[in-house]
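S.K.: Structure incoming, see below.
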Amino acid sequence: MAETDTAPGAQQFIPPQADTLDELRAAATGCRGCELYRDASQTVFGRGDESARVVLVGEQPGDMEDQKGLPFVGPAGRLLRRAVDDAGLDPGHIYLTNAVKHFRFELRGKRRIHQTPDRVHITACRPWLVAEFARLRPEIVVVLGATAAKALLGPTFRVTRQRGELLPWPASAQHPEDFARVPVDNAGTVADALEARLLATIHPSAVLRADDQDAAYDGLVADLTVAARGLA
Ligand code: SF4
């Protein structure tokens, strides 16, 4: 796969008149904001209800997600659903999305091996994330792993150092102004976003890769339990 240092970015593909997540999702199918669309099967946009109380942000779709067009339907997604249940979070109140909406991989024989998105991909795709947040009203934002942390909190945030802490949202964002105003009607009226909180933890795929999977899973559940208790 070709490497690039720059990309046009997703902003030009986001219709300003898109009022709903469904309209954004439809527009994202045609995104050419970076080169990842070329080799992936399809855009994998977020899923869940606009009224979700918790927004979970992961890294990028994996092989299974790329084939099905849905986030968190592969092995890491199954583990995440179990952890969400064990933490006492209501899955009906969750919106799931990724920082990067196309699968980045390299071919080894017939196998497609996950490659971590570069900063150029995170930056290019971030406008979709900002657009999703503008249509959501989360009480808790959960950042799953380093890529999502880079997209929302900037390159200096370390998940390993600050995981499990409830931080103010959007005040803790790298560019809080991107998340501070949200539309309140279809006439273009905007208002201040509700004060919410953010919690960072590991990505569920890190549990699958861990030497001690039980300990890593318990750590993920412990962090998500903090998030669950943070709901009013
Ligand atoms: S990864 Fe994001 S910016 Fe790049 S083409 Fe896909 S949707 Fe567009």
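Residue numbering restarts at 1 in every chain; chains get A, B, ... in the order shown in the structure tokens, and ligands count up from 1 in that same order.
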7 Å from ligand 1 is the threshold here; counting only C-alpha atoms and all ligand atoms, which polymer residues fall inside it? Answer as a list in words.
M.R.: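 Using only C-alpha atoms and all ligand atoms, I find these residues within 7 Å of ligand 1: Gly9, Ala10, Ala28, Cys31, Arg32, Gly33, Cys34, Glu35, Leu36, Tyr37, Thr43, Val100, Lys101, His102, His121, Ala124 and Cys125 of chain A.
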S.K.: Per DSSP on the backbone, what are the helix (DSSP H, G or I) residues of range 13-176 of chain A, as number ranges by chain?
M.R.: A: 13, 21-28, 35-38, 63-68, 75-87, 91-93, 119-133, 146-153, 159-162
S.K.: Which of chain A counts as strand (DSSP E or B) under DSSP, as a count of residues only please?
M.R.: 39
S.K.: Rank nothing, just name the residue among A:Arg108, A:Phe103, A:Glu165, A:Ser205 nearest to Arg38 in chain A, using only C-alpha atoms.
M.R.: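 Result for the nearest residue to Arg38 in chain A: A:Phe103.
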S.K.: Pick out the residues sitting within 8 Å of Ala148 in chain A, and hand them over as a list in words; count only C-alpha atoms, and ignore anything fewer than 2 positions along from it in its own chain.
M.R.: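 So the residues in contact are Val57, Gly58, Glu59, Asn98, Ala99, Val143, Leu144, Gly145, Ala146, Lys150, Ala151 and Leu152 of chain A.
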S.K.: Mind dumping the selected residues with N, CA and C atoms as a short mmCIF file (atom, residue, chain, number, x, y, z; two decimals), in the first residue's frame?
M.R.:
```
data_model
loop_
_atom_site.label_atom_id
_atom_site.label_comp_id
_atom_site.auth_asym_id
_atom_site.auth_seq_id
_atom_site.Cartn_x
_atom_site.Cartn_y
_atom_site.Cartn_z
N VAL A 57 -15.16 5.26 21.24
CA VAL A 57 -14.38 5.56 20.04
C VAL A 57 -13.17 4.63 19.98
N GLY A 58 -13.11 3.82 18.92
CA GLY A 58 -11.99 2.90 18.74
C GLY A 58 -11.01 3.40 17.70
N GLU A 59 -10.24 2.47 17.14
CA GLU A 59 -9.16 2.86 16.23
C GLU A 59 -9.62 2.92 14.77
N ASN A 98 -15.25 4.71 15.18
CA ASN A 98 -13.79 4.62 15.12
C ASN A 98 -13.20 5.95 14.69
N ALA A 99 -11.94 6.16 15.07
CA ALA A 99 -11.25 7.39 14.67
C ALA A 99 -11.00 7.43 13.18
N VAL A 143 -12.63 6.55 25.23
CA VAL A 143 -11.58 6.47 24.22
C VAL A 143 -10.90 5.11 24.36
N LEU A 144 -10.93 4.32 23.29
CA LEU A 144 -10.38 2.97 23.34
C LEU A 144 -9.03 2.94 22.61
N GLY A 145 -7.95 3.12 23.33
CA GLY A 145 -6.62 2.97 22.75
C GLY A 145 -6.01 4.26 22.23
N ALA A 146 -4.76 4.12 21.77
CA ALA A 146 -3.93 5.29 21.45
C ALA A 146 -4.40 6.04 20.22
N LYS A 150 -5.29 9.90 20.21
CA LYS A 150 -4.63 10.91 19.36
C LYS A 150 -5.66 11.77 18.64
N ALA A 151 -6.71 11.13 18.14
CA ALA A 151 -7.73 11.85 17.37
C ALA A 151 -8.46 12.87 18.23
N LEU A 152 -8.75 12.51 19.47
CA LEU A 152 -9.58 13.39 20.31
C LEU A 152 -8.76 14.24 21.28
#
```
S.K.: Tell me, counting only C-alpha atoms, for each residue of range 95-172 of chain A within 12 Å of range 182-188 of chain A, which pair of atoms is nearest and how far apart they are in Å to one decimal, in rows ordered by chain and increasing number, as CSV.
M.R.:
```
residue,atom,partner,partner_atom,distance
A:Val130,CA,A:Val182,CA,10.2
A:Ala131,CA,A:Val182,CA,9.4
A:Glu132,CA,A:Val182,CA,10.2
A:Phe133,CA,A:Val182,CA,8.1
A:Ala134,CA,A:Val182,CA,4.9
A:Arg135,CA,A:Val182,CA,6.9
A:Leu136,CA,A:Val182,CA,8.3
A:Arg137,CA,A:Val182,CA,8.7
A:Pro138,CA,A:Val182,CA,11.7
A:Pro170,CA,A:Val182,CA,11.7
```
S.K.: What would the file look like if the residues just selected were written as a PDB file, in the first residue's frame with N, CA, C and O atoms?
M.R.:
```pdb
ATOM      1  N   VAL A 130     -15.690  14.611  14.298  1.00  0.00           N
ATOM      2  CA  VAL A 130     -16.244  15.891  14.781  1.00  0.00           C
ATOM      3  C   VAL A 130     -17.709  16.009  14.352  1.00  0.00           C
ATOM      4  O   VAL A 130     -18.579  16.407  15.144  1.00  0.00           O
ATOM      5  N   ALA A 131     -18.000  15.607  13.107  1.00  0.00           N
ATOM      6  CA  ALA A 131     -19.378  15.689  12.617  1.00  0.00           C
ATOM      7  C   ALA A 131     -20.299  14.740  13.384  1.00  0.00           C
ATOM      8  O   ALA A 131     -21.456  15.079  13.675  1.00  0.00           O
ATOM      9  N   GLU A 132     -19.797  13.557  13.717  1.00  0.00           N
ATOM     10  CA  GLU A 132     -20.616  12.629  14.508  1.00  0.00           C
ATOM     11  C   GLU A 132     -20.920  13.239  15.880  1.00  0.00           C
ATOM     12  O   GLU A 132     -22.060  13.214  16.350  1.00  0.00           O
ATOM     13  N   PHE A 133     -19.887  13.777  16.517  1.00  0.00           N
ATOM     14  CA  PHE A 133     -20.090  14.355  17.849  1.00  0.00           C
ATOM     15  C   PHE A 133     -21.084  15.513  17.815  1.00  0.00           C
ATOM     16  O   PHE A 133     -21.801  15.738  18.788  1.00  0.00           O
ATOM     17  N   ALA A 134     -21.108  16.232  16.695  1.00  0.00           N
ATOM     18  CA  ALA A 134     -22.032  17.368  16.604  1.00  0.00           C
ATOM     19  C   ALA A 134     -23.484  16.901  16.599  1.00  0.00           C
ATOM     20  O   ALA A 134     -24.397  17.707  16.816  1.00  0.00           O
ATOM     21  N   ARG A 135     -23.696  15.616  16.352  1.00  0.00           N
ATOM     22  CA  ARG A 135     -25.069  15.091  16.314  1.00  0.00           C
ATOM     23  C   ARG A 135     -25.353  14.161  17.483  1.00  0.00           C
ATOM     24  O   ARG A 135     -26.380  13.505  17.529  1.00  0.00           O
ATOM     25  N   LEU A 136     -24.431  14.098  18.421  1.00  0.00           N
ATOM     26  CA  LEU A 136     -24.583  13.228  19.587  1.00  0.00           C
ATOM     27  C   LEU A 136     -24.614  14.066  20.859  1.00  0.00           C
ATOM     28  O   LEU A 136     -24.163  15.214  20.862  1.00  0.00           O
ATOM     29  N   ARG A 137     -25.152  13.501  21.919  1.00  0.00           N
ATOM     30  CA  ARG A 137     -25.202  14.198  23.214  1.00  0.00           C
ATOM     31  C   ARG A 137     -24.703  13.272  24.326  1.00  0.00           C
ATOM     32  O   ARG A 137     -25.436  12.962  25.264  1.00  0.00           O
ATOM     33  N   PRO A 138     -23.464  12.779  24.222  1.00  0.00           N
ATOM     34  CA  PRO A 138     -23.027  11.792  25.219  1.00  0.00           C
ATOM     35  C   PRO A 138     -22.831  12.407  26.603  1.00  0.00           C
ATOM     36  O   PRO A 138     -22.478  13.580  26.731  1.00  0.00           O
ATOM     37  N   PRO A 170     -16.129  18.664  26.711  1.00  0.00           N
ATOM     38  CA  PRO A 170     -15.023  18.614  25.756  1.00  0.00           C
ATOM     39  C   PRO A 170     -13.768  19.361  26.199  1.00  0.00           C
ATOM     40  O   PRO A 170     -12.838  19.489  25.397  1.00  0.00           O
TER      41      PRO A 170
END
```
S.K.: One number please: CA of Phe105 in chain A to CA of Leu153 in chain A, in Å, one decimal.
M.R.: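 Interatomic distance, CA of Phe105 in chain A to CA of Leu153 in chain A: 24.5 Å.
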S.K.: Pick from A:Asp22, A:Asp178, A:Asp85, A:Asp49: nearest to Val221 in chain A, with only C-alpha atoms counted?
M.R.: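 So, comparing all the options, the nearest one is A:Asp85.
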S.K.: Considering only C-alpha atoms, state which residue in the set A:Thr201, A:Thr160, A:Gln12, A:Ser172 is at the smallest distance from Val226 in chain A.
M.R.: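 Counting only C-alpha atoms, the residue closest to Val226 in chain A is A:Thr201.
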S.K.: Smallest atom-to-atom distance to Ala196 in chain A: which of A:Asp63, A:Glu23, A:Asp5, A:Glu139, using only C-alpha atoms?
M.R.: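 Residue with the minimum atom-to-atom distance to Ala196 in chain A: A:Glu139.
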S.K.: Near His114 in chain A, within 7 Å and counting only C-alpha atoms, which residues show up once chain neighbours fewer than 3 positions away are dropped, as a PyMOL selection string?
M.R.: chain A and resi 62+104-106
S.K.: Take the residues from that selection and put them in a file with all heavy atoms, as a PDB file, in the first residue's frame.
M.R.:
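The resulting file, out_19.pdb, is shown below:
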```
ATOM      1  N   GLY A  62     -11.598  -3.464  11.539  1.00  0.00           N
ATOM      2  CA  GLY A  62     -10.719  -4.588  11.246  1.00  0.00           C
ATOM      3  C   GLY A  62     -11.225  -5.339  10.022  1.00  0.00           C
ATOM      4  O   GLY A  62     -12.136  -4.879   9.314  1.00  0.00           O
ATOM      5  N   ARG A 104      -7.096  -0.169   7.406  1.00  0.00           N
ATOM      6  CA  ARG A 104      -5.733  -0.089   6.880  1.00  0.00           C
ATOM      7  C   ARG A 104      -5.042  -1.436   7.135  1.00  0.00           C
ATOM      8  O   ARG A 104      -5.016  -1.923   8.274  1.00  0.00           O
ATOM      9  CB  ARG A 104      -4.942   1.024   7.560  1.00  0.00           C
ATOM     10  CG  ARG A 104      -3.578   1.204   6.922  1.00  0.00           C
ATOM     11  CD  ARG A 104      -2.778   2.307   7.583  1.00  0.00           C
ATOM     12  NE  ARG A 104      -1.631   2.653   6.787  1.00  0.00           N
ATOM     13  CZ  ARG A 104      -0.429   2.944   7.266  1.00  0.00           C
ATOM     14  NH1 ARG A 104      -0.216   2.937   8.565  1.00  0.00           N
ATOM     15  NH2 ARG A 104       0.553   3.243   6.451  1.00  0.00           N
ATOM     16  N   PHE A 105      -4.485  -2.000   6.101  1.00  0.00           N
ATOM     17  CA  PHE A 105      -3.886  -3.328   6.241  1.00  0.00           C
ATOM     18  C   PHE A 105      -2.764  -3.487   5.225  1.00  0.00           C
ATOM     19  O   PHE A 105      -2.620  -2.684   4.299  1.00  0.00           O
ATOM     20  CB  PHE A 105      -4.944  -4.424   6.002  1.00  0.00           C
ATOM     21  CG  PHE A 105      -5.564  -4.363   4.623  1.00  0.00           C
ATOM     22  CD1 PHE A 105      -5.042  -5.117   3.575  1.00  0.00           C
ATOM     23  CD2 PHE A 105      -6.649  -3.544   4.367  1.00  0.00           C
ATOM     24  CE1 PHE A 105      -5.598  -5.051   2.303  1.00  0.00           C
ATOM     25  CE2 PHE A 105      -7.207  -3.468   3.096  1.00  0.00           C
ATOM     26  CZ  PHE A 105      -6.682  -4.223   2.063  1.00  0.00           C
ATOM     27  N   GLU A 106      -1.957  -4.538   5.416  1.00  0.00           N
ATOM     28  CA  GLU A 106      -1.036  -4.935   4.351  1.00  0.00           C
ATOM     29  C   GLU A 106      -1.324  -6.391   4.014  1.00  0.00           C
ATOM     30  O   GLU A 106      -1.716  -7.175   4.886  1.00  0.00           O
ATOM     31  CB  GLU A 106       0.418  -4.718   4.765  1.00  0.00           C
ATOM     32  CG  GLU A 106       0.877  -5.541   5.923  1.00  0.00           C
ATOM     33  CD  GLU A 106       2.359  -5.334   6.199  1.00  0.00           C
ATOM     34  OE1 GLU A 106       3.011  -4.586   5.456  1.00  0.00           O
ATOM     35  OE2 GLU A 106       2.852  -5.935   7.164  1.00  0.00           O
TER      36      GLU A 106
END
```
S.K.: Given the choices A:Ala40, A:Val120, A:Ala193, A:Leu80, which gets closest to Arg181 in chain A if the distance is worked out from only C-alpha atoms?
M.R.: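 Using only C-alpha atoms, the shortest distance to Arg181 in chain A belongs to A:Ala193.
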S.K.: Go ahead and compute the interatomic distance for CA of Gln115 in chain A and CA of Val159 in chain A, in Å to one decimal.
M.R.: 19.3 Å
S.K.: I need the residue nearest Val84 in chain A from this list: A:Trp128, A:Tyr217, A:Phe45, A:Phe179. Use only C-alpha atoms for the distance.
M.R.: A:Tyr217
